[in-house]
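Note sheet for the following structure.
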Amino acid sequence: MATAILLSALAMSVIVGVRYLLASGGFALATRVRKPGLYRGLGRQIGREIGWSLASALIYGIPAGVVAWGWQARGWTRIYSDMRDFPLWYWPLSVLLYLLAHDAWFYWTHRWMHRPRPFRIAHAVHHASRPPTAWAAMSFHPWEALTGAVVIPALVFLIPVHVAALGMVLTIMTVMGVSNHMGWEMFPHWMVRGPLGRWLITASHHQRHHEHYACNYGLYFRFWDRLCGTDRGLGSFRETA
Ligand SMILES: [Zn+2]
Ligand SMILES: [Zn+2]
């Protein structure tokens, strides 16, 4: 049993690591095409971002692997694979519930990690990227990685989710995690600066967090930042040469 759990954790770590390399690599390539020269001179920083991110992948794999094993071998979790188990309308609702729950957890732990001591111990690594790149998506100190790694594995015990809806949540998480750090905005101006952008977080919003630190703590939605008075609007990007 212990070997099976260990193998499951290891497999998950590899999957998360490969997913990171593909997603960050893909967006770094897009950056090279769309904004040539944007990452010029950041080679050493990118090396550190990749190192921390792969260490984070290892940590993310552990709770995910244990829960995946329990799901398969012991029938743990509220993940379902038969679409008929819940009404069809619940599918998109479950995706939204996961994003809202993750966003709330992220906002409050992130805000806490900006207090001086937790910042020094856990969060300074993430902010060492100045400016962040597409490779910084998982550039966290192991303590911070641990706070992120437990969220989805805990939620699958609480909120029923179809296996494909879970895949959707993980895809959104990956794409937004990478694109929010890549140093340019990929979403259209009308969306980012329009009514939708008042509630959704994209690169322009998270960029300002990396510029000014004590604001814009959210992950997907601006809801908590607005409610708590920590929203300072959208940031600006460094120009390409
Ligand atoms: Zn960040
Ligand atoms: Zn921060």
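Chain labels A, B, ... are given in the sequence in which chains occur in the structure tokens; within each chain residues are numbered consecutively from 1, and ligands are likewise numbered from 1 in the order shown.
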
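With only C-alpha atoms and all ligand atoms counted, the chains near ligand 1 contribute these residues within 8 Å: A:His126, A:His127, A:Pro132, A:Ala136, A:Ala137, A:Asn180, A:His181, A:His206, A:Gln207, A:His209, A:His210.
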
Got a sec to check which residues lie within 9 Å of ligand 2, using only C-alpha atoms and all ligand atoms, and send them as a PDB file with C-alpha atoms, in the first residue's frame?
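The new file pocket.pdb reads:
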ATOM      1  CA  HIS A 110      -1.531  35.474   0.097  1.00  0.00           C
ATOM      2  CA  ARG A 111      -2.462  38.538   2.116  1.00  0.00           C
ATOM      3  CA  MET A 113       2.108  36.010   3.490  1.00  0.00           C
ATOM      4  CA  HIS A 114       2.646  39.722   2.942  1.00  0.00           C
ATOM      5  CA  PHE A 119       6.938  37.231   3.641  1.00  0.00           C
ATOM      6  CA  HIS A 123       6.772  34.572  -0.118  1.00  0.00           C
ATOM      7  CA  ALA A 124       9.975  36.537  -0.919  1.00  0.00           C
ATOM      8  CA  HIS A 126       7.937  34.582  -5.594  1.00  0.00           C
ATOM      9  CA  HIS A 127       8.607  38.321  -5.524  1.00  0.00           C
ATOM     10  CA  HIS A 209       0.729  43.274  -7.349  1.00  0.00           C
ATOM     11  CA  HIS A 210       4.303  42.572  -8.447  1.00  0.00           C
ATOM     12  CA  TYR A 213       3.209  44.472  -3.301  1.00  0.00           C
ATOM     13  CA  ALA A 214       0.544  45.549  -0.766  1.00  0.00           C
ATOM     14  CA  CYS A 215      -2.453  45.369  -3.121  1.00  0.00           C
ATOM     15  CA  ASN A 216      -4.213  43.144  -5.675  1.00  0.00           C
ATOM     16  CA  TYR A 217      -3.879  39.886  -3.753  1.00  0.00           C
TER      17      TYR A 217
END

_Residue contacts of A:Leu166 (10 Å, only C-alpha atoms) excluding same-chain residues fewer than 6 positions away, as a ChimeraX atom specification_ = /A:79-80,91,94-95,98,152,156,160,172

May I have all residues of stretch 10-240 of chain A that DSSP, computed from the backbone, assigns to helix (DSSP H, G or I), given as a PDB file with C-alpha atoms, in the first residue's frame?
ATOM      1  CA  LEU A  10       5.657  10.470  -7.728  1.00  0.00           C
ATOM      2  CA  ALA A  11       3.531  10.111 -10.872  1.00  0.00           C
ATOM      3  CA  MET A  12       1.554  13.225  -9.918  1.00  0.00           C
ATOM      4  CA  SER A  13       4.750  15.206  -9.312  1.00  0.00           C
ATOM      5  CA  VAL A  14       5.982  14.238 -12.769  1.00  0.00           C
ATOM      6  CA  ILE A  15       2.614  15.181 -14.322  1.00  0.00           C
ATOM      7  CA  VAL A  16       2.575  18.579 -12.571  1.00  0.00           C
ATOM      8  CA  GLY A  17       6.199  19.184 -13.567  1.00  0.00           C
ATOM      9  CA  VAL A  18       5.587  18.312 -17.216  1.00  0.00           C
ATOM     10  CA  ARG A  19       2.399  20.388 -17.233  1.00  0.00           C
ATOM     11  CA  TYR A  20       4.398  23.349 -15.889  1.00  0.00           C
ATOM     12  CA  LEU A  21       7.150  22.944 -18.495  1.00  0.00           C
ATOM     13  CA  LEU A  22       4.639  22.679 -21.351  1.00  0.00           C
ATOM     14  CA  ALA A  23       2.412  25.556 -20.209  1.00  0.00           C
ATOM     15  CA  SER A  24       5.204  27.954 -19.241  1.00  0.00           C
ATOM     16  CA  GLY A  25       7.268  26.904 -22.243  1.00  0.00           C
ATOM     17  CA  GLY A  26       4.293  27.472 -24.541  1.00  0.00           C
ATOM     18  CA  PHE A  27       3.573  30.944 -23.182  1.00  0.00           C
ATOM     19  CA  ALA A  28       7.300  31.820 -23.162  1.00  0.00           C
ATOM     20  CA  LEU A  29       7.340  30.888 -26.849  1.00  0.00           C
ATOM     21  CA  ALA A  30       4.240  33.030 -27.464  1.00  0.00           C
ATOM     22  CA  THR A  31       6.047  35.873 -25.679  1.00  0.00           C
ATOM     23  CA  ARG A  32       9.043  35.471 -27.962  1.00  0.00           C
ATOM     24  CA  VAL A  33       6.733  35.774 -30.978  1.00  0.00           C
ATOM     25  CA  ARG A  34       4.449  38.553 -29.718  1.00  0.00           C
ATOM     26  CA  GLY A  43      18.222  34.451 -18.161  1.00  0.00           C
ATOM     27  CA  ARG A  44      19.531  33.955 -14.612  1.00  0.00           C
ATOM     28  CA  GLN A  45      16.184  34.893 -13.084  1.00  0.00           C
ATOM     29  CA  ILE A  46      14.385  32.455 -15.417  1.00  0.00           C
ATOM     30  CA  GLY A  47      16.786  29.713 -14.322  1.00  0.00           C
ATOM     31  CA  ARG A  48      15.824  30.339 -10.687  1.00  0.00           C
ATOM     32  CA  GLU A  49      12.107  30.471 -11.604  1.00  0.00           C
ATOM     33  CA  ILE A  50      12.340  27.062 -13.266  1.00  0.00           C
ATOM     34  CA  GLY A  51      14.244  25.583 -10.301  1.00  0.00           C
ATOM     35  CA  TRP A  52      11.719  26.767  -7.701  1.00  0.00           C
ATOM     36  CA  SER A  53       8.824  25.771  -9.948  1.00  0.00           C
ATOM     37  CA  LEU A  54      10.055  22.202 -10.396  1.00  0.00           C
ATOM     38  CA  ALA A  55      10.551  21.923  -6.618  1.00  0.00           C
ATOM     39  CA  SER A  56       6.963  23.189  -6.235  1.00  0.00           C
ATOM     40  CA  ALA A  57       5.767  20.556  -8.739  1.00  0.00           C
ATOM     41  CA  LEU A  58       7.281  17.886  -6.514  1.00  0.00           C
ATOM     42  CA  ILE A  59       5.375  19.270  -3.508  1.00  0.00           C
ATOM     43  CA  TYR A  60       2.098  19.711  -5.433  1.00  0.00           C
ATOM     44  CA  GLY A  61       2.309  16.069  -6.476  1.00  0.00           C
ATOM     45  CA  ILE A  62       2.287  14.692  -2.920  1.00  0.00           C
ATOM     46  CA  PRO A  63      -1.260  15.579  -1.692  1.00  0.00           C
ATOM     47  CA  ALA A  64      -2.599  15.165  -5.244  1.00  0.00           C
ATOM     48  CA  GLY A  65      -1.026  11.711  -5.495  1.00  0.00           C
ATOM     49  CA  VAL A  66      -2.315  10.561  -2.105  1.00  0.00           C
ATOM     50  CA  VAL A  67      -5.849  11.709  -2.938  1.00  0.00           C
ATOM     51  CA  ALA A  68      -5.714  10.207  -6.459  1.00  0.00           C
ATOM     52  CA  TRP A  69      -4.689   6.883  -4.910  1.00  0.00           C
ATOM     53  CA  GLY A  70      -7.517   7.093  -2.344  1.00  0.00           C
ATOM     54  CA  TRP A  71     -10.011   7.958  -5.084  1.00  0.00           C
ATOM     55  CA  GLN A  72      -9.037   4.902  -7.148  1.00  0.00           C
ATOM     56  CA  ALA A  73      -8.269   2.370  -4.397  1.00  0.00           C
ATOM     57  CA  ARG A  74     -10.598   3.408  -1.585  1.00  0.00           C
ATOM     58  CA  MET A  83     -22.658  12.639 -15.967  1.00  0.00           C
ATOM     59  CA  ARG A  84     -26.053  11.413 -14.777  1.00  0.00           C
ATOM     60  CA  ASP A  85     -25.028  11.553 -11.109  1.00  0.00           C
ATOM     61  CA  TYR A  90     -24.306  21.553 -11.882  1.00  0.00           C
ATOM     62  CA  TRP A  91     -21.285  20.946 -14.152  1.00  0.00           C
ATOM     63  CA  PRO A  92     -20.487  24.640 -14.867  1.00  0.00           C
ATOM     64  CA  LEU A  93     -21.621  25.576 -11.350  1.00  0.00           C
ATOM     65  CA  SER A  94     -19.090  23.167  -9.829  1.00  0.00           C
ATOM     66  CA  VAL A  95     -16.299  24.764 -11.893  1.00  0.00           C
ATOM     67  CA  LEU A  96     -17.338  28.191 -10.597  1.00  0.00           C
ATOM     68  CA  LEU A  97     -17.532  26.924  -6.984  1.00  0.00           C
ATOM     69  CA  TYR A  98     -13.998  25.515  -7.207  1.00  0.00           C
ATOM     70  CA  LEU A  99     -12.657  28.761  -8.643  1.00  0.00           C
ATOM     71  CA  LEU A 100     -14.443  30.847  -5.972  1.00  0.00           C
ATOM     72  CA  ALA A 101     -13.197  28.628  -3.132  1.00  0.00           C
ATOM     73  CA  HIS A 102      -9.638  28.577  -4.456  1.00  0.00           C
ATOM     74  CA  ASP A 103      -9.732  32.346  -4.950  1.00  0.00           C
ATOM     75  CA  ALA A 104     -10.868  32.949  -1.348  1.00  0.00           C
ATOM     76  CA  TRP A 105      -8.165  30.640   0.047  1.00  0.00           C
ATOM     77  CA  PHE A 106      -5.539  32.280  -2.145  1.00  0.00           C
ATOM     78  CA  TYR A 107      -6.576  35.836  -1.256  1.00  0.00           C
ATOM     79  CA  TRP A 108      -6.355  35.315   2.496  1.00  0.00           C
ATOM     80  CA  THR A 109      -3.210  33.152   2.589  1.00  0.00           C
ATOM     81  CA  HIS A 110      -1.531  35.474   0.097  1.00  0.00           C
ATOM     82  CA  ARG A 111      -2.462  38.538   2.116  1.00  0.00           C
ATOM     83  CA  TRP A 112      -1.170  36.844   5.253  1.00  0.00           C
ATOM     84  CA  PRO A 116       6.830  40.787   7.323  1.00  0.00           C
ATOM     85  CA  ARG A 117       7.762  37.412   8.834  1.00  0.00           C
ATOM     86  CA  PRO A 118       5.773  35.087   6.560  1.00  0.00           C
ATOM     87  CA  PHE A 119       6.938  37.231   3.641  1.00  0.00           C
ATOM     88  CA  ARG A 120      10.598  36.706   4.497  1.00  0.00           C
ATOM     89  CA  ILE A 121      10.154  32.996   5.153  1.00  0.00           C
ATOM     90  CA  ALA A 122       7.682  31.942   2.464  1.00  0.00           C
ATOM     91  CA  HIS A 123       6.772  34.572  -0.118  1.00  0.00           C
ATOM     92  CA  ALA A 124       9.975  36.537  -0.919  1.00  0.00           C
ATOM     93  CA  VAL A 125      10.995  33.869  -3.444  1.00  0.00           C
ATOM     94  CA  HIS A 126       7.937  34.582  -5.594  1.00  0.00           C
ATOM     95  CA  HIS A 127       8.607  38.321  -5.524  1.00  0.00           C
ATOM     96  CA  ALA A 134       5.911  33.011 -17.882  1.00  0.00           C
ATOM     97  CA  TRP A 135       8.326  30.706 -16.018  1.00  0.00           C
ATOM     98  CA  ALA A 136       7.406  32.256 -12.631  1.00  0.00           C
ATOM     99  CA  ALA A 137       3.960  30.601 -12.519  1.00  0.00           C
ATOM    100  CA  MET A 138       5.042  28.088  -9.845  1.00  0.00           C
ATOM    101  CA  PRO A 142       8.331  25.165  -0.536  1.00  0.00           C
ATOM    102  CA  TRP A 143       6.279  26.680   2.327  1.00  0.00           C
ATOM    103  CA  GLU A 144       4.206  28.698  -0.089  1.00  0.00           C
ATOM    104  CA  ALA A 145       3.928  25.721  -2.461  1.00  0.00           C
ATOM    105  CA  LEU A 146       2.491  23.719   0.414  1.00  0.00           C
ATOM    106  CA  THR A 147      -0.302  26.276   1.008  1.00  0.00           C
ATOM    107  CA  GLY A 148      -1.237  26.030  -2.676  1.00  0.00           C
ATOM    108  CA  ALA A 149      -0.828  22.271  -3.008  1.00  0.00           C
ATOM    109  CA  VAL A 151      -6.392  23.396  -1.928  1.00  0.00           C
ATOM    110  CA  ILE A 152      -7.767  21.213  -4.742  1.00  0.00           C
ATOM    111  CA  PRO A 153      -7.025  17.900  -2.934  1.00  0.00           C
ATOM    112  CA  ALA A 154      -9.066  19.240   0.031  1.00  0.00           C
ATOM    113  CA  LEU A 155     -11.917  20.596  -2.111  1.00  0.00           C
ATOM    114  CA  VAL A 163     -13.854  14.429 -13.473  1.00  0.00           C
ATOM    115  CA  ALA A 164     -13.905  16.574 -16.658  1.00  0.00           C
ATOM    116  CA  ALA A 165     -15.020  19.648 -14.679  1.00  0.00           C
ATOM    117  CA  LEU A 166     -12.015  19.069 -12.419  1.00  0.00           C
ATOM    118  CA  GLY A 167      -9.864  18.932 -15.548  1.00  0.00           C
ATOM    119  CA  MET A 168     -11.386  22.274 -16.577  1.00  0.00           C
ATOM    120  CA  VAL A 169     -10.547  23.816 -13.170  1.00  0.00           C
ATOM    121  CA  LEU A 170      -6.939  22.606 -13.420  1.00  0.00           C
ATOM    122  CA  THR A 171      -6.647  23.948 -16.972  1.00  0.00           C
ATOM    123  CA  ILE A 172      -7.948  27.403 -15.953  1.00  0.00           C
ATOM    124  CA  MET A 173      -5.609  27.342 -12.940  1.00  0.00           C
ATOM    125  CA  THR A 174      -2.609  26.522 -15.136  1.00  0.00           C
ATOM    126  CA  VAL A 175      -3.374  28.992 -17.938  1.00  0.00           C
ATOM    127  CA  MET A 176      -4.124  31.891 -15.580  1.00  0.00           C
ATOM    128  CA  GLY A 177      -1.148  31.088 -13.330  1.00  0.00           C
ATOM    129  CA  VAL A 178       1.206  31.305 -16.289  1.00  0.00           C
ATOM    130  CA  SER A 179      -0.403  34.130 -18.266  1.00  0.00           C
ATOM    131  CA  HIS A 189      -8.626  45.561 -24.331  1.00  0.00           C
ATOM    132  CA  TRP A 190     -12.451  45.666 -24.299  1.00  0.00           C
ATOM    133  CA  MET A 191     -12.487  42.746 -21.872  1.00  0.00           C
ATOM    134  CA  VAL A 192      -9.714  43.824 -19.500  1.00  0.00           C
ATOM    135  CA  LEU A 196     -15.885  41.982 -17.187  1.00  0.00           C
ATOM    136  CA  GLY A 197     -12.382  43.130 -16.263  1.00  0.00           C
ATOM    137  CA  ARG A 198     -13.773  44.891 -13.221  1.00  0.00           C
ATOM    138  CA  ALA A 203      -2.080  39.787 -16.198  1.00  0.00           C
ATOM    139  CA  SER A 204      -2.734  43.556 -15.966  1.00  0.00           C
ATOM    140  CA  HIS A 205      -4.122  43.158 -12.446  1.00  0.00           C
ATOM    141  CA  HIS A 206      -1.471  40.778 -11.096  1.00  0.00           C
ATOM    142  CA  GLN A 207       1.289  42.872 -12.672  1.00  0.00           C
ATOM    143  CA  ARG A 208       0.361  45.666 -10.289  1.00  0.00           C
ATOM    144  CA  HIS A 209       0.729  43.274  -7.349  1.00  0.00           C
ATOM    145  CA  HIS A 210       4.303  42.572  -8.447  1.00  0.00           C
ATOM    146  CA  GLU A 211       4.956  46.330  -8.808  1.00  0.00           C
ATOM    147  CA  HIS A 212       3.431  47.562  -5.555  1.00  0.00           C
ATOM    148  CA  PHE A 223     -14.198  40.422  -5.443  1.00  0.00           C
ATOM    149  CA  TRP A 224     -12.111  40.155  -2.230  1.00  0.00           C
ATOM    150  CA  ASP A 225      -9.735  42.937  -3.204  1.00  0.00           C
ATOM    151  CA  ARG A 226     -12.660  45.262  -3.873  1.00  0.00           C
ATOM    152  CA  LEU A 227     -14.490  44.261  -0.702  1.00  0.00           C
TER     153      LEU A 227
END

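Using only C-alpha atoms for every distance, the candidate list A:Ile5, A:His141, A:Arg130, A:Gly235 yields A:Gly235 as the residue closest to A:Arg193.
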
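From atom CA of A:Trp199 back to atom CA of A:Arg222, the distance works out to 4.9 Å.
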
*Looking only at the backbone, which of the residues in stretch 8-194 of chain A does DSSP tag as strand (DSSP E), as a PyMOL selection string?*
chain A and resi 79-80+161-162

*asked:* For a test of reading the model, state the distance in Å between atom CA of A:Ile201 and atom CA of A:Trp184, rounded to one decimal.
replied: 13.3 Å

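Here atom CA of A:Val150 and atom CA of A:Tyr220 stand 17.6 Å from one another.
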